[in-house]
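Here is the structure we will look at.
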Amino acid sequence: VTEEHKGSVVSYVGKEEAMPFVQINVLDHGYVRRVESYGSDERIIEAARMSTQKGFLGWGDGVRAGDEKLLKYLRDNKHDTPFEMAGLIVEVQAPIFVFREWHRHRTQSYNEMSARYASLPDLNYVPTIDRIEMGGGQITKQAGSVVDWPKEEYPHENAMRFRDALSMEYDECERVYQASLGSGIPKELARLILPVGRYSRMRAAANLRNWLAFLVLRQSPKAQWEIRQYANAVHEILSGEFPKTMALFDEGRA
Ligand SMILES: Cc1cc2nc3c(=O)[nH]c(=O)nc-3n(C[C@H](O)[C@H](O)[C@H](O)COP(=O)(O)OP(=O)(O)OC[C@H]3O[C@@H](n4cnc5c(N)ncnc54)[C@H](O)[C@@H]3O)c2cc1C
C-alpha cells in the first residue's frame with residue numbers, strides 16, 4: 001500500500017463522516033434514503049486520466065476551462081467506464097409493485113426484507129385522487145374495454161370509489177394476515193394474502209453509470225408515475241453527491 005493509496009482511504013473515511021442524513025419521502029409511506037456513496041466527480045476524472053497518469057487537474061474558475069471539459073467529453077463520447085468508479089447505496093421503502101419494476105434492473109444489487117422471516121408492516125399505498133385522475137397509459141372504462149379517458153371527463157366519484165374499495169381491501173387483507181399469523185400459519189404462507197400495494201423495504205446498490213441508465217428509463221414520462229417519483233428522489237440524492245456529473249446529465253436531456 002503506497003502512501004498515496006493510504007491517503008485516499010483516509011479522505012474517503014472523512015467524507016463519510018461528513019455525510020448528512022439524507023432521506024426523501026415518496027408517496028404516502030415510502031422513502032429513498034442514502035446509505036452510502038463512494039467516489040466523486042473528481043474520482044471519475046482521475047479514473048479517466050489513468051491513461052495519461054495526470055490525475056485531476058481542477059475545475060474551471062469561470063476564466064479558465066477546467067476538467068468539466070473532460071467530463072463532458074466522456075459523456076458525449078460514451079466513455080462510460082470512469083462513471084463506474086463512483087456509486088451509491090440507497091435504502092428504499094416502496095410498494096411491492098414498484099419493486100417488481102425496479103428489480104428488472106438486473107445489474108443493480110439488492111437485499112430486500114423477507115416476509116418469510118418477518119411480518120411486513122401494515123403499510124399500503126393508497127393513491128391520491130389527483131393521482132388516480134391523472135390516469136395512466138389508459139384507463140379501464142368497464143371490464144374488458146380499455147379507452148383513453150381525458151382527465152377532465154373522468155368521473156370524480158369513480159376515483160373516490162376506487163380509493164374506498166382499496167382501503168377496505170387493505171384492511172381485510174391485514175385482518176386475515178394477522179389472524180393467520182396468530183393461528184400459527186407460517187409467515188411464508190400467511191403473506192399470500194398481501195397485495196402488491198403493500199410496502200416492502202430494500203437496499204439497492206449500483207455504480208453511477210448504472211444509476212444514470214436507471215434514471216433515463218425510470219424518469220421518462222413513459223415509466224409509471226409511482227416509480228418515477230422514486231427515480232426523482234434517487235436523482236436528487238445523486239445530484240448532491242456528484243453535482244458536476246449530474247449537471248451534465250441534466251443538460252444532456254434538456
Ligand atoms: C417504460 C417501461 C416499460 C416496461 N415494460 C415492461 C413490460 O411490460 N414487461 C417487462 O417484462 N419489462 C418491462 N420493462 C422492463 C424493461 O424491459 C427492462 O427490463 C428494464 O427497464 C431494465 O432495463 P435494462 O435491462 O437495461 O437494465 P439491467 O437489467 O440493469 O441491464 C443493464 C444493461 O446490461 C445489459 N444486460 C443485462 N442483462 C442482459 C442480458 N441478459 N443479455 C444481454 N444484455 C444484458 C444490457 O445492455 C442492459 O441495458 C419496462 C421498462 C420501462 C422503462
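The chains in the C-alpha cells are called A, B, ... from first to last as shown; in each chain the residues are counted from 1, and the ligands are counted from 1 in the order shown.
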Next on the checklist: Counting only C-alpha atoms and all ligand atoms, what are the residues, protein, DNA or RNA alike, that approach ligand 1 to within 8 Å? I want them as an MDAnalysis selection string.
Outcome noted: chainID A and resid 101:108 210 213:214 217:218 220:224
Item to check | A:Val176 environment, 9 Å, only C-alpha atoms, sequence neighbours closer than 5 positions dropped, as number ranges by chain | outcome: A: 171, 181, 190, 193
Restrict the selected residues to all heavy atoms and save them as a PDB file, in the first residue's frame.
ATOM      1  N   ASP A 171     -57.603  -3.306   4.558  1.00  0.00           N
ATOM      2  CA  ASP A 171     -57.965  -3.614   5.950  1.00  0.00           C
ATOM      3  C   ASP A 171     -58.305  -5.096   6.108  1.00  0.00           C
ATOM      4  O   ASP A 171     -57.896  -5.746   7.068  1.00  0.00           O
ATOM      5  CB  ASP A 171     -59.179  -2.772   6.396  1.00  0.00           C
ATOM      6  CG  ASP A 171     -58.805  -1.309   6.596  1.00  0.00           C
ATOM      7  OD1 ASP A 171     -57.590  -1.009   6.601  1.00  0.00           O
ATOM      8  OD2 ASP A 171     -59.722  -0.472   6.722  1.00  0.00           O
ATOM      9  N   LEU A 181     -51.324 -15.372  11.049  1.00  0.00           N
ATOM     10  CA  LEU A 181     -50.084 -15.424  11.835  1.00  0.00           C
ATOM     11  C   LEU A 181     -50.398 -15.866  13.262  1.00  0.00           C
ATOM     12  O   LEU A 181     -49.697 -16.713  13.828  1.00  0.00           O
ATOM     13  CB  LEU A 181     -49.400 -14.040  11.854  1.00  0.00           C
ATOM     14  CG  LEU A 181     -48.813 -13.553  10.531  1.00  0.00           C
ATOM     15  CD1 LEU A 181     -48.347 -12.093  10.653  1.00  0.00           C
ATOM     16  CD2 LEU A 181     -47.644 -14.438  10.078  1.00  0.00           C
ATOM     17  N   ALA A 190     -48.690 -17.118   5.183  1.00  0.00           N
ATOM     18  CA  ALA A 190     -49.636 -16.070   5.587  1.00  0.00           C
ATOM     19  C   ALA A 190     -49.533 -14.868   4.637  1.00  0.00           C
ATOM     20  O   ALA A 190     -50.516 -14.195   4.350  1.00  0.00           O
ATOM     21  CB  ALA A 190     -49.355 -15.637   7.023  1.00  0.00           C
ATOM     22  N   ILE A 193     -51.797 -13.541   1.162  1.00  0.00           N
ATOM     23  CA  ILE A 193     -52.956 -12.654   1.084  1.00  0.00           C
ATOM     24  C   ILE A 193     -52.549 -11.200   0.780  1.00  0.00           C
ATOM     25  O   ILE A 193     -53.384 -10.377   0.403  1.00  0.00           O
ATOM     26  CB  ILE A 193     -53.756 -12.715   2.425  1.00  0.00           C
ATOM     27  CG1 ILE A 193     -55.141 -12.054   2.334  1.00  0.00           C
ATOM     28  CG2 ILE A 193     -52.992 -12.073   3.566  1.00  0.00           C
ATOM     29  CD1 ILE A 193     -56.152 -12.886   1.652  1.00  0.00           C
TER      30      ILE A 193
END
Item to check | Interatomic distance (Å, one decimal) between atom CA of A:Cys173 and atom CA of A:Leu194 | outcome: 6.2 Å
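When DSSP reads the backbone of this structure, the residues of stretch 62-198 of chain A it assigns to strand (DSSP E or B) are Gly87, Leu88, Ile89, Val90, Glu91, Val92, Gln93, Ala94, Pro95, Ser109, Tyr110, Asn111, Glu112, Asn124, Ile139, Thr140, Lys141, Gln142, Ser145, Val146, Val147 and Arg198 of chain A.
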